[in-house]
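Participant: This is data37.csv (CSV, C-alpha atoms).
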chain,number,residue,atom,x,y,z
B,279,MET,CA,-116.9,10.9,-31.4
B,280,ILE,CA,-120.2,10.7,-29.6
B,281,VAL,CA,-120.5,8.5,-26.5
B,282,GLU,CA,-123.9,8.4,-24.9
B,283,GLN,CA,-123.8,7.6,-21.2
B,284,TYR,CA,-126.5,8.3,-18.6
B,285,PHE,CA,-125.7,8.7,-14.9
B,286,GLU,CA,-126.4,5.0,-14.3
B,287,ASP,CA,-123.8,4.0,-16.9
B,288,TYR,CA,-120.8,5.5,-15.2
B,289,VAL,CA,-118.7,2.9,-13.3
B,290,LEU,CA,-116.7,3.8,-10.2
B,291,ASP,CA,-112.9,3.4,-10.7
B,292,SER,CA,-113.1,3.4,-14.5
B,293,GLU,CA,-110.2,5.2,-16.0
B,294,ARG,CA,-109.2,7.0,-19.1
B,295,ARG,CA,-105.6,7.9,-20.2
B,296,SER,CA,-104.8,10.6,-22.7
B,297,PHE,CA,-102.0,10.8,-25.2
B,298,GLY,CA,-99.1,13.1,-24.2
B,299,ARG,CA,-98.5,16.7,-25.3
B,300,THR,CA,-95.2,18.5,-25.1
B,301,ILE,CA,-95.3,22.0,-23.8
B,302,THR,CA,-93.6,24.7,-26.0
B,303,GLU,CA,-92.4,28.2,-25.6
B,304,THR,CA,-95.3,29.2,-28.0
B,305,ASP,CA,-97.7,27.8,-25.5
B,306,PHE,CA,-96.3,30.1,-22.8
B,307,VAL,CA,-96.5,33.1,-25.1
B,308,VAL,CA,-100.0,32.5,-26.4
B,309,HIS,CA,-101.3,31.7,-22.9
B,310,ALA,CA,-99.8,34.9,-21.5
B,311,GLY,CA,-101.4,36.9,-24.3
B,312,HIS,CA,-104.8,35.3,-23.7
B,313,THR,CA,-104.7,35.9,-19.9
B,314,GLY,CA,-102.5,39.0,-19.6
B,315,ASP,CA,-100.3,37.1,-17.1
B,316,PHE,CA,-96.8,38.1,-18.1
B,317,PHE,CA,-95.3,37.4,-14.7
B,318,PRO,CA,-91.5,36.9,-14.9
B,319,HIS,CA,-91.7,33.3,-13.6
B,320,HIS,CA,-93.4,32.5,-17.0
B,321,MET,CA,-91.8,34.9,-19.4
B,322,ASP,CA,-88.3,36.1,-18.3
B,323,ALA,CA,-85.7,33.4,-19.0
B,324,ALA,CA,-82.8,35.5,-17.9
B,325,TRP,CA,-84.4,36.4,-14.5
B,326,CYS,CA,-85.6,32.7,-14.0
B,327,SER,CA,-82.0,31.5,-14.5
B,328,THR,CA,-81.1,33.4,-11.3
B,329,GLN,CA,-83.8,31.8,-9.3
B,330,GLU,CA,-83.9,28.5,-7.4
B,331,PHE,CA,-86.1,26.8,-10.1
B,332,GLY,CA,-83.6,27.9,-12.9
B,333,GLN,CA,-86.0,28.1,-15.8
B,334,ARG,CA,-89.4,29.4,-16.8
B,335,ILE,CA,-92.5,27.7,-15.1
B,336,ALA,CA,-95.7,27.1,-17.1
B,337,HIS,CA,-98.7,29.1,-15.9
B,338,GLY,CA,-100.8,26.8,-13.7
B,339,THR,CA,-103.8,27.7,-15.8
B,340,LEU,CA,-102.0,26.7,-18.9
B,341,VAL,CA,-101.2,23.2,-17.5
B,342,PHE,CA,-104.9,23.0,-16.4
B,343,SER,CA,-106.4,24.0,-19.7
B,344,LEU,CA,-104.1,21.8,-21.8
B,345,GLY,CA,-104.4,18.8,-19.5
B,346,ILE,CA,-108.2,19.0,-19.5
B,347,GLY,CA,-108.2,19.5,-23.2
B,348,LEU,CA,-106.3,16.2,-23.6
B,349,THR,CA,-109.4,14.5,-22.2
B,350,ALA,CA,-111.9,16.1,-24.6
B,351,THR,CA,-112.1,13.2,-27.0
B,352,ALA,CA,-115.8,12.3,-26.9
B,353,ILE,CA,-119.0,14.3,-26.6
B,354,ASN,CA,-121.7,12.9,-24.3
B,355,PRO,CA,-125.0,14.6,-25.1
B,356,HIS,CA,-126.4,13.6,-21.7
B,357,ALA,CA,-123.6,15.3,-19.6
B,358,MET,CA,-121.9,18.7,-19.2
B,359,SER,CA,-119.1,20.0,-17.1
B,360,TYR,CA,-120.5,21.2,-13.7
B,361,GLY,CA,-117.2,22.6,-12.5
B,362,TYR,CA,-113.9,21.8,-10.9
B,363,ASP,CA,-113.0,21.3,-7.2
B,364,ARG,CA,-109.8,20.8,-5.2
B,365,LEU,CA,-107.5,22.1,-7.9
B,366,ARG,CA,-103.8,21.9,-6.9
B,367,PHE,CA,-100.6,22.7,-8.7
B,368,ILE,CA,-98.3,20.0,-7.4
B,369,ARG,CA,-95.0,20.3,-9.4
B,370,PRO,CA,-93.8,22.9,-11.9
B,371,VAL,CA,-94.0,22.3,-15.7
B,372,HIS,CA,-91.3,23.6,-18.0
B,373,ILE,CA,-90.8,24.2,-21.7
B,374,GLY,CA,-90.1,20.7,-23.2
B,375,ASP,CA,-92.0,18.8,-20.6
B,376,THR,CA,-94.7,16.4,-21.9
B,377,ILE,CA,-97.9,16.0,-20.0
B,378,LEU,CA,-100.7,13.5,-20.1
B,379,THR,CA,-103.9,13.2,-18.2
B,380,ILE,CA,-105.4,10.2,-16.3
B,381,THR,CA,-109.0,10.4,-15.1
B,382,ARG,CA,-110.9,8.1,-12.8
B,383,ILE,CA,-114.5,8.1,-11.7
B,384,VAL,CA,-114.4,8.4,-7.9
B,385,ASP,CA,-118.0,9.3,-6.9
B,386,LYS,CA,-121.6,9.4,-8.1
B,387,ARG,CA,-124.3,11.2,-6.2
B,388,ASP,CA,-127.7,12.6,-6.4
B,389,HIS,CA,-128.1,16.2,-7.4
B,390,PRO,CA,-129.7,18.0,-4.4
B,391,LYS,CA,-132.3,19.8,-6.6
B,392,ARG,CA,-132.4,18.2,-10.0
B,393,THR,CA,-134.1,14.8,-9.8
B,394,GLY,CA,-133.5,14.2,-13.5
B,395,HIS,CA,-129.7,14.4,-13.0
B,396,GLY,CA,-126.8,13.2,-10.9
B,397,VAL,CA,-123.3,14.4,-10.3
B,398,VAL,CA,-120.4,12.3,-11.4
B,399,VAL,CA,-117.0,13.1,-10.0
B,400,GLU,CA,-113.9,12.4,-11.9
B,401,ALA,CA,-110.4,12.6,-10.3
B,402,VAL,CA,-108.0,14.3,-12.7
B,403,ASP,CA,-104.3,13.5,-12.5
B,404,ILE,CA,-102.1,15.4,-14.9
B,405,ARG,CA,-98.6,13.9,-15.1
B,406,ASN,CA,-95.3,14.8,-16.6
B,407,GLN,CA,-92.9,12.5,-18.6
B,408,HIS,CA,-91.5,11.2,-15.4
B,409,ASP,CA,-94.9,9.9,-14.3
B,410,GLU,CA,-95.0,12.6,-11.6
B,411,THR,CA,-98.3,14.3,-10.8
B,412,VAL,CA,-98.0,18.0,-11.7
B,413,LEU,CA,-101.7,19.0,-11.2
B,414,ALA,CA,-104.6,17.3,-9.6
B,415,CYS,CA,-108.3,18.3,-9.3
B,416,GLU,CA,-111.8,16.9,-9.4
B,417,HIS,CA,-114.0,17.4,-12.4
B,418,LEU,CA,-117.8,17.4,-11.7
B,419,TYR,CA,-120.2,16.4,-14.4
B,420,LEU,CA,-123.9,17.0,-14.4
B,421,VAL,CA,-125.4,13.9,-16.0
B,422,ALA,CA,-129.0,13.1,-17.0
B,423,ARG,CA,-130.6,10.0,-15.5
B,424,ARG,CA,-132.6,7.6,-17.6
B,425,ALA,CA,-135.6,8.4,-15.5
B,426,PRO,CA,-135.9,11.0,-12.7
B,427,ILE,CA,-135.7,9.7,-9.1
B,428,ALA,CA,-138.6,10.3,-6.7
B,429,GLY,CA,-138.1,13.6,-5.1
Starting from the file, give its structure as structure tokens.

Facilitator:
Amino acid sequence: MIVEQYFEDYVLDSERRSFGRTITETDFVVHAGHTGDFFPHHMDAAWCSTQEFGQRIAHGTLVFSLGIGLTATAINPHAMSYGYDRLRFIRPVHIGDTILTITRIVDKRDHPKRTGHGVVVEAVDIRNQHDETVLACEHLYLVARRAPIAG
């Protein structure tokens, strides 16, 4: 789906909520293969059973990539991802947990050098099936303005 929004169209406090996605053992294995991160906290069920957390923990980067992917439902030809700030892994995610992502527009500001664009900041809240935040970050968008501001 294509959704055309210029900088001026973004509304502070507007929210989006994704569908859920259940994390599987296959997700762990594929992510480890892609990243080379075979750390025992993610891959060794026997060892994890002897630890305080008792079971394998999803890679933080797995939770991040899947949670962000859940928000990729529309293409805006006037915007692109500008990066992520303030990324925090709040709670562990395990095989069988279901995550969903809630985003909220929290800031809009001028770009310091590009008068034809602004920066839109979206708070990202990835939650588990118990409605607990497992990962939080800020997503920055570089968004075209309808007309450049005087610079």

Participant: In Å to one decimal, how far is CA of Cys415 (chain B) from CA of Arg364 (chain B)?

Facilitator: 5.0 Å

Participant: Which residue is closest to Val281 (chain B)? Choose from B:Phe306, B:Pro355, B:Phe297, B:Phe342 and count all atoms listed in the file.

Facilitator: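 For Val281 (chain B), the nearest of the given residues is B:Pro355.
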
Participant: Separation of CA of Ala425 (chain B) and CA of Gly394 (chain B), in Å?

Facilitator: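 Distance between the two atoms: 6.5 Å.
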
Participant: Would you list the contacts of Glu293 (chain B) as a list of chain:residue names, taking every protein, DNA or RNA residue within 7 Å and counting all atoms listed in the file, but skipping same-chain residues closer than 4 positions in sequence?

Facilitator: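 Surrounding residues, per the criterion: B:Ile380, B:Thr381, B:Arg382, B:Ile383.
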
Participant: From the list B:His320, B:Gln283, B:Ala428, B:Arg366, which residue is nearest Lys391 (chain B) when using only C-alpha atoms?

Facilitator: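 Answer, going by the shortest atom-to-atom distance: B:Ala428.
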
Participant: Using all atoms listed in the file, pick whichever of B:Glu410, B:Glu282, B:Asp375, B:Asp305 has the shortest atom-to-atom distance to Met358 (chain B).

Facilitator: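 Among the listed residues, B:Glu282 lies closest to Met358 (chain B).
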
Participant: Pick from B:Leu413, B:Ile353, B:Val399, B:Ala336: nearest to Asp315 (chain B), with only C-alpha atoms counted?

Facilitator: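 The shortest atom-to-atom distance to Asp315 (chain B) comes from B:Ala336.
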
Participant: Quick one: pull the distance between CA of Gly361 (chain B) and CA of Tyr419 (chain B), Å, one decimal.

Facilitator: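 Those two atoms sit 7.1 Å apart.
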
Participant: Under the rule that all atoms listed in the file are counted, which of B:Thr300, B:Leu340, B:Pro318, B:Glu286 is the nearest residue to Arg423 (chain B)?

Facilitator: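 Of B:Thr300, B:Leu340, B:Pro318, B:Glu286, the one nearest Arg423 (chain B) is B:Glu286, counting all atoms listed in the file.
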
Participant: Please provide the set of residues having any atom within 6 Å of Ala414 (chain B), restricted to only C-alpha atoms, with same-chain residues fewer than 4 positions apart removed, written as a short mmCIF file (atom, residue, chain, number, x, y, z; two decimals) with C-alpha atoms, keeping the file's coordinate frame.

Facilitator:
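Final output, saved to around_33.cif:
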data_model
loop_
_atom_site.label_atom_id
_atom_site.label_comp_id
_atom_site.auth_asym_id
_atom_site.auth_seq_id
_atom_site.Cartn_x
_atom_site.Cartn_y
_atom_site.Cartn_z
CA LEU B 365 -107.50 22.10 -7.90
CA ARG B 366 -103.80 21.90 -6.90
CA VAL B 402 -108.00 14.30 -12.70
CA ASP B 403 -104.30 13.50 -12.50
#

Participant: I want to know what sits within 10 Å of Val371 (chain B), based on only C-alpha atoms, with residues of the same chain fewer than 5 positions away left out; could you give that as a list in words?

Facilitator: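 Within the cut-off, the hits are Ile301, Gln333, Arg334, Ile335, Ala336, His337, Gly338, Leu340, Val341, Thr376, Ile377, Arg405, Asn406, Val412 and Leu413 of chain B.
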
Participant: Name the closest residue to Pro370 (chain B) among the candidates B:Ile346, B:Val289, B:Ile404, B:Val398; distances are taken between atoms, counting all atoms listed in the file.

Facilitator: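 Of B:Ile346, B:Val289, B:Ile404, B:Val398, the one nearest Pro370 (chain B), counting all atoms listed in the file, is B:Ile404.
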
Participant: Report as a ChimeraX atom specification all protein, DNA and RNA residues lying within 10 Å of Ile427 (chain B), evaluated on only C-alpha atoms, omitting residues in the same chain fewer than 3 positions from it.

Facilitator: /B:388,392-396,423-424

Participant: Write out, as a CSV table (one decimal), in the coordinates of the input, the residues just selected, with C-alpha atoms.

Facilitator:
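out11.csv, freshly written:
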chain,number,residue,atom,x,y,z
B,388,ASP,CA,-127.7,12.6,-6.4
B,392,ARG,CA,-132.4,18.2,-10.0
B,393,THR,CA,-134.1,14.8,-9.8
B,394,GLY,CA,-133.5,14.2,-13.5
B,395,HIS,CA,-129.7,14.4,-13.0
B,396,GLY,CA,-126.8,13.2,-10.9
B,423,ARG,CA,-130.6,10.0,-15.5
B,424,ARG,CA,-132.6,7.6,-17.6

Participant: Could you add N, CA and C atoms to region 389-410 of chain B and give me the result as an mmCIF file, in the coordinates of the input?

Facilitator:
data_model
loop_
_atom_site.group_PDB
_atom_site.id
_atom_site.type_symbol
_atom_site.label_atom_id
_atom_site.label_comp_id
_atom_site.auth_asym_id
_atom_site.auth_seq_id
_atom_site.Cartn_x
_atom_site.Cartn_y
_atom_site.Cartn_z
ATOM 1 N N HIS B 389 -128.111 14.763 -7.375
ATOM 2 C CA HIS B 389 -128.100 16.200 -7.400
ATOM 3 C C HIS B 389 -129.092 16.677 -6.319
ATOM 4 N N PRO B 390 -128.757 17.654 -5.490
ATOM 5 C CA PRO B 390 -129.700 18.000 -4.400
ATOM 6 C C PRO B 390 -131.000 18.639 -4.877
ATOM 7 N N LYS B 391 -131.079 19.144 -6.097
ATOM 8 C CA LYS B 391 -132.300 19.800 -6.600
ATOM 9 C C LYS B 391 -132.853 19.263 -7.858
ATOM 10 N N ARG B 392 -132.014 18.637 -8.666
ATOM 11 C CA ARG B 392 -132.400 18.200 -10.000
ATOM 12 C C ARG B 392 -132.620 16.683 -9.997
ATOM 13 N N THR B 393 -133.844 16.230 -9.859
ATOM 14 C CA THR B 393 -134.100 14.800 -9.800
ATOM 15 C C THR B 393 -133.851 14.048 -11.068
ATOM 16 N N GLY B 394 -133.763 14.777 -12.152
ATOM 17 C CA GLY B 394 -133.500 14.200 -13.500
ATOM 18 C C GLY B 394 -132.001 14.046 -13.760
ATOM 19 N N HIS B 395 -131.152 14.449 -12.795
ATOM 20 C CA HIS B 395 -129.700 14.400 -13.000
ATOM 21 C C HIS B 395 -128.972 13.928 -11.776
ATOM 22 N N GLY B 396 -127.763 13.487 -11.999
ATOM 23 C CA GLY B 396 -126.800 13.200 -10.900
ATOM 24 C C GLY B 396 -125.527 13.852 -11.171
ATOM 25 N N VAL B 397 -124.662 13.785 -10.176
ATOM 26 C CA VAL B 397 -123.300 14.400 -10.300
ATOM 27 C C VAL B 397 -122.314 13.229 -10.307
ATOM 28 N N VAL B 398 -121.474 13.225 -11.316
ATOM 29 C CA VAL B 398 -120.400 12.300 -11.400
ATOM 30 C C VAL B 398 -119.097 13.015 -11.179
ATOM 31 N N VAL B 399 -118.250 12.478 -10.297
ATOM 32 C CA VAL B 399 -117.000 13.100 -10.000
ATOM 33 C C VAL B 399 -115.836 12.308 -10.533
ATOM 34 N N GLU B 400 -114.995 13.001 -11.289
ATOM 35 C CA GLU B 400 -113.900 12.400 -11.900
ATOM 36 C C GLU B 400 -112.573 12.977 -11.357
ATOM 37 N N ALA B 401 -111.712 12.138 -10.784
ATOM 38 C CA ALA B 401 -110.400 12.600 -10.300
ATOM 39 C C ALA B 401 -109.528 12.817 -11.556
ATOM 40 N N VAL B 402 -108.877 13.970 -11.626
ATOM 41 C CA VAL B 402 -108.000 14.300 -12.700
ATOM 42 C C VAL B 402 -106.576 14.367 -12.237
ATOM 43 N N ASP B 403 -105.714 13.614 -12.884
ATOM 44 C CA ASP B 403 -104.300 13.500 -12.500
ATOM 45 C C ASP B 403 -103.474 13.835 -13.748
ATOM 46 N N ILE B 404 -102.913 15.033 -13.794
ATOM 47 C CA ILE B 404 -102.100 15.400 -14.900
ATOM 48 C C ILE B 404 -100.629 15.131 -14.525
ATOM 49 N N ARG B 405 -99.934 14.360 -15.373
ATOM 50 C CA ARG B 405 -98.600 13.900 -15.100
ATOM 51 C C ARG B 405 -97.587 14.349 -16.106
ATOM 52 N N ASN B 406 -96.331 14.430 -15.690
ATOM 53 C CA ASN B 406 -95.300 14.800 -16.600
ATOM 54 C C ASN B 406 -94.615 13.488 -17.178
ATOM 55 N N GLN B 407 -93.574 13.663 -17.977
ATOM 56 C CA GLN B 407 -92.900 12.500 -18.600
ATOM 57 C C GLN B 407 -92.211 11.607 -17.662
ATOM 58 N N HIS B 408 -92.071 12.022 -16.400
ATOM 59 C CA HIS B 408 -91.500 11.200 -15.400
ATOM 60 C C HIS B 408 -92.514 10.452 -14.555
ATOM 61 N N ASP B 409 -93.771 10.521 -14.998
ATOM 62 C CA ASP B 409 -94.900 9.900 -14.300
ATOM 63 C C ASP B 409 -95.173 10.535 -12.949
ATOM 64 N N GLU B 410 -94.806 11.815 -12.806
ATOM 65 C CA GLU B 410 -95.000 12.600 -11.600
ATOM 66 C C GLU B 410 -96.274 13.433 -11.761
#
